[in-house]
Amino acid sequence: MKITWLGHSCFMLEADGFRVLLDPYHEVQGLPDVRAEADAVYCSHEHFDHGYTNNIRLTTGKENPFSVIEVQTFHDDQGGKLRGSNIIRKFTVHGVSAAHFGDLGHPLSPEQLEAIGPCDAILIPVGGFYTIDAAGAKAVADAVGAPVIVPMHYRNGDIGFDVLKTLDHFTKLYPAEQVKRYGSSLTLEKGMEKQVAVLSIKV
């Protein structure tokens, strides 16, 4: 499974020539609106920075090789009263799984953790304010136990909302040797070493 970061919480997952786009955004500070072609689009919720599909062209005719599990969560720690619901989706293909956590706003219950199950990678928000913060993200990551942790939804210089924390608030919670830096993509495989996989935005 190839995982490419398009910025904010937006990723493209690819396998067998099939492209899955996650959480396309609109009006995120420092980023142009996402424009892409994909075979399928999934949005964790319908806020403008996660559910903007106007510029997405869907291709058709290919069989989806991904199996998808959906787990209902909330965008805040008050049962959705502040910001509504959020869907975690786990995508599995060829025996590897990646879970996209959207705008998760709370710790996961034992039932939610069981529903998600084992993952090879998680794509998780770390910037706080609208979502779990760095410490909250690490607690969720520890509970899930995925070896590959891909941080998202944080501020990087002029990119990202001003209220979000920067990536270093999250990476400093891990040993320096576990923080691995990639280009815009990584190929997810079984048995990868434990790491925080920092991607750069595809331009």
# chains A, B, ... in the order shown; residues from 1 in each chain; ligands from 1
>>> residues_around(residues="region 106-122 of chain A", least_positions_apart="5", cutoff="9 Å", atoms="only C-alpha atoms", output="PDB file with C-alpha atoms, in the first residue's frame")
ATOM      1  CA  ILE A  69     -13.968  -0.952   8.463  1.00  0.00           C
ATOM      2  CA  GLU A  70     -15.735   2.111   9.880  1.00  0.00           C
ATOM      3  CA  VAL A  71     -15.724   3.038  13.562  1.00  0.00           C
ATOM      4  CA  GLN A  72     -17.938   5.846  14.824  1.00  0.00           C
ATOM      5  CA  THR A  73     -16.225   8.390  17.093  1.00  0.00           C
ATOM      6  CA  PHE A  74     -16.575  12.077  17.961  1.00  0.00           C
ATOM      7  CA  HIS A  75     -14.892  15.314  16.947  1.00  0.00           C
ATOM      8  CA  ASP A  76     -14.664  16.424  20.588  1.00  0.00           C
ATOM      9  CA  ASP A  77     -14.528  15.016  24.096  1.00  0.00           C
ATOM     10  CA  GLN A  78     -18.189  15.818  24.848  1.00  0.00           C
ATOM     11  CA  GLY A  79     -19.896  13.161  22.778  1.00  0.00           C
ATOM     12  CA  ILE A  88     -12.261   6.321  11.780  1.00  0.00           C
ATOM     13  CA  ARG A  89     -11.711   4.118   8.732  1.00  0.00           C
ATOM     14  CA  LYS A  90      -9.354   1.174   8.500  1.00  0.00           C
ATOM     15  CA  THR A  92      -6.785  -3.249   4.368  1.00  0.00           C
ATOM     16  CA  VAL A  96      -1.599  -4.643   5.401  1.00  0.00           C
ATOM     17  CA  SER A  97      -3.865  -2.151   7.159  1.00  0.00           C
ATOM     18  CA  ALA A  98      -3.836   1.611   7.660  1.00  0.00           C
ATOM     19  CA  ALA A  99      -6.383   3.468   9.787  1.00  0.00           C
ATOM     20  CA  HIS A 100      -7.242   7.122   9.172  1.00  0.00           C
ATOM     21  CA  PHE A 101      -8.454   8.815  12.355  1.00  0.00           C
ATOM     22  CA  THR A 131      -8.698  17.312  17.946  1.00  0.00           C
ATOM     23  CA  ILE A 132      -6.653  15.325  20.416  1.00  0.00           C
ATOM     24  CA  GLY A 136      -3.590  12.447  23.472  1.00  0.00           C
ATOM     25  CA  ALA A 137      -2.405  11.211  20.091  1.00  0.00           C
ATOM     26  CA  ALA A 139      -1.944   7.684  24.148  1.00  0.00           C
ATOM     27  CA  VAL A 140      -4.223   6.594  21.293  1.00  0.00           C
ATOM     28  CA  ALA A 141      -1.248   5.370  19.257  1.00  0.00           C
ATOM     29  CA  ALA A 143      -3.399   1.836  22.723  1.00  0.00           C
ATOM     30  CA  VAL A 144      -3.728   0.828  19.065  1.00  0.00           C
ATOM     31  CA  GLY A 145      -0.162  -0.445  18.909  1.00  0.00           C
ATOM     32  CA  ALA A 146       0.508   0.155  15.210  1.00  0.00           C
ATOM     33  CA  PRO A 147       4.241   0.172  14.412  1.00  0.00           C
ATOM     34  CA  VAL A 148       3.960   3.049  11.917  1.00  0.00           C
ATOM     35  CA  ILE A 149       2.487   6.343  13.142  1.00  0.00           C
ATOM     36  CA  VAL A 150       1.896   9.056  10.545  1.00  0.00           C
ATOM     37  CA  PRO A 151       1.127  12.444  12.149  1.00  0.00           C
ATOM     38  CA  LEU A 188       3.496   0.320   3.853  1.00  0.00           C
ATOM     39  CA  GLU A 189       4.603  -3.272   4.315  1.00  0.00           C
ATOM     40  CA  LYS A 190       4.294  -5.912   6.984  1.00  0.00           C
ATOM     41  CA  GLY A 191       6.966  -5.976   9.661  1.00  0.00           C
ATOM     42  CA  MET A 192       8.113  -2.359   9.440  1.00  0.00           C
TER      43      MET A 192
END
>>> select_by_dssp(residues="chain A", states="alpha helix (DSSP H)", output="compact mmCIF listing (two decimals) with N, CA, C and O atoms, in the first residue's frame")
# COMPACT_ATOMS: atom_id res chain seq x y z
N PRO A 110 -12.52 0.90 25.00
CA PRO A 110 -12.13 -0.47 24.69
C PRO A 110 -12.91 -1.04 23.51
O PRO A 110 -12.36 -1.78 22.69
N GLU A 111 -14.19 -0.69 23.41
CA GLU A 111 -15.01 -1.19 22.31
C GLU A 111 -14.53 -0.63 20.97
O GLU A 111 -14.50 -1.34 19.96
N GLN A 112 -14.17 0.63 20.94
CA GLN A 112 -13.67 1.24 19.70
C GLN A 112 -12.32 0.65 19.31
O GLN A 112 -12.07 0.36 18.13
N LEU A 113 -11.47 0.44 20.28
CA LEU A 113 -10.17 -0.18 20.01
C LEU A 113 -10.34 -1.59 19.46
O LEU A 113 -9.65 -1.99 18.50
N GLU A 114 -11.26 -2.33 20.02
CA GLU A 114 -11.51 -3.69 19.54
C GLU A 114 -12.04 -3.67 18.11
O GLU A 114 -11.67 -4.50 17.28
N ALA A 115 -12.92 -2.70 17.82
CA ALA A 115 -13.49 -2.60 16.48
C ALA A 115 -12.42 -2.26 15.44
O ALA A 115 -12.46 -2.75 14.30
N ILE A 116 -11.47 -1.41 15.82
CA ILE A 116 -10.38 -1.05 14.89
C ILE A 116 -9.47 -2.25 14.68
O ILE A 116 -9.11 -2.57 13.55
N ALA A 134 -0.99 16.39 21.16
CA ALA A 134 0.16 15.50 21.00
C ALA A 134 0.14 14.36 22.03
O ALA A 134 0.31 13.19 21.68
N ALA A 135 -0.07 14.70 23.29
CA ALA A 135 -0.11 13.66 24.33
C ALA A 135 -1.29 12.72 24.12
O ALA A 135 -1.16 11.50 24.30
N GLY A 136 -2.43 13.28 23.73
CA GLY A 136 -3.59 12.45 23.47
C GLY A 136 -3.38 11.52 22.29
O GLY A 136 -3.80 10.36 22.30
N ALA A 137 -2.70 12.03 21.26
CA ALA A 137 -2.40 11.21 20.09
C ALA A 137 -1.46 10.07 20.44
O ALA A 137 -1.63 8.94 19.97
N LYS A 138 -0.46 10.36 21.27
CA LYS A 138 0.46 9.29 21.67
C LYS A 138 -0.27 8.23 22.47
O LYS A 138 -0.02 7.02 22.31
N ALA A 139 -1.19 8.66 23.36
CA ALA A 139 -1.94 7.68 24.15
C ALA A 139 -2.79 6.79 23.24
O ALA A 139 -2.87 5.57 23.45
N VAL A 140 -3.43 7.39 22.24
CA VAL A 140 -4.22 6.59 21.29
C VAL A 140 -3.31 5.66 20.50
O VAL A 140 -3.61 4.48 20.30
N ALA A 141 -2.19 6.19 20.02
CA ALA A 141 -1.25 5.37 19.26
C ALA A 141 -0.74 4.20 20.08
O ALA A 141 -0.64 3.07 19.59
N ASP A 142 -0.42 4.45 21.34
CA ASP A 142 0.03 3.38 22.22
C ASP A 142 -1.05 2.32 22.40
O ASP A 142 -0.77 1.11 22.43
N ALA A 143 -2.29 2.77 22.52
CA ALA A 143 -3.40 1.84 22.72
C ALA A 143 -3.65 0.98 21.49
O ALA A 143 -3.93 -0.22 21.60
N VAL A 144 -3.52 1.58 20.30
CA VAL A 144 -3.73 0.83 19.06
C VAL A 144 -2.55 -0.10 18.80
O VAL A 144 -2.73 -1.24 18.36
N ASP A 168 6.67 19.24 16.35
CA ASP A 168 7.66 18.89 17.36
C ASP A 168 7.03 18.59 18.72
O ASP A 168 7.62 17.86 19.52
N HIS A 169 5.83 19.11 18.98
CA HIS A 169 5.17 18.78 20.24
C HIS A 169 4.87 17.29 20.32
O HIS A 169 4.82 16.71 21.42
N PHE A 170 4.68 16.67 19.15
CA PHE A 170 4.42 15.23 19.10
C PHE A 170 5.71 14.43 19.00
O PHE A 170 5.91 13.47 19.76
N THR A 171 6.58 14.80 18.11
CA THR A 171 7.78 13.98 17.90
C THR A 171 8.69 13.95 19.12
O THR A 171 9.41 12.97 19.33
>>> residues_around(residues="region 25-33 of chain A", least_positions_apart="3", cutoff="12 Å", atoms="only C-alpha atoms", output="PyMOL selection string")
chain A and resi 6-11+21-22+36+41-56+102+153-164+201-203
>>> atom_distance(atom1="CA of Pro125 (chain A)", atom2="CA of Lys172 (chain A)")
15.3 Å
>>> closest_residue(among="A:Tyr182, A:Phe66, A:Phe129, A:Tyr174", to="Val93 (chain A)", atoms="only C-alpha atoms")
A:Phe66
>>> atom_distance(atom1="CA of Ala197 (chain A)", atom2="CA of Arg181 (chain A)")
6.0 Å
>>> select_by_dssp(residues="chain A", states="strand (DSSP E or B)", output="PyMOL selection string")
chain A and resi 2-7+10-15+18-22+36-38+40-42+56-58+67-74+85-93+96-100+121-125+148-152+155-156+159+166+179-181+185-187+195-198
>>> atom_distance(atom1="CA of Val198 (chain A)", atom2="CA of Ser67 (chain A)")
25.3 Å
>>> closest_residue(among="A:Lys194, A:Met152, A:Ser185, A:Pro175", to="Ile124 (chain A)", atoms="only C-alpha atoms")
A:Met152
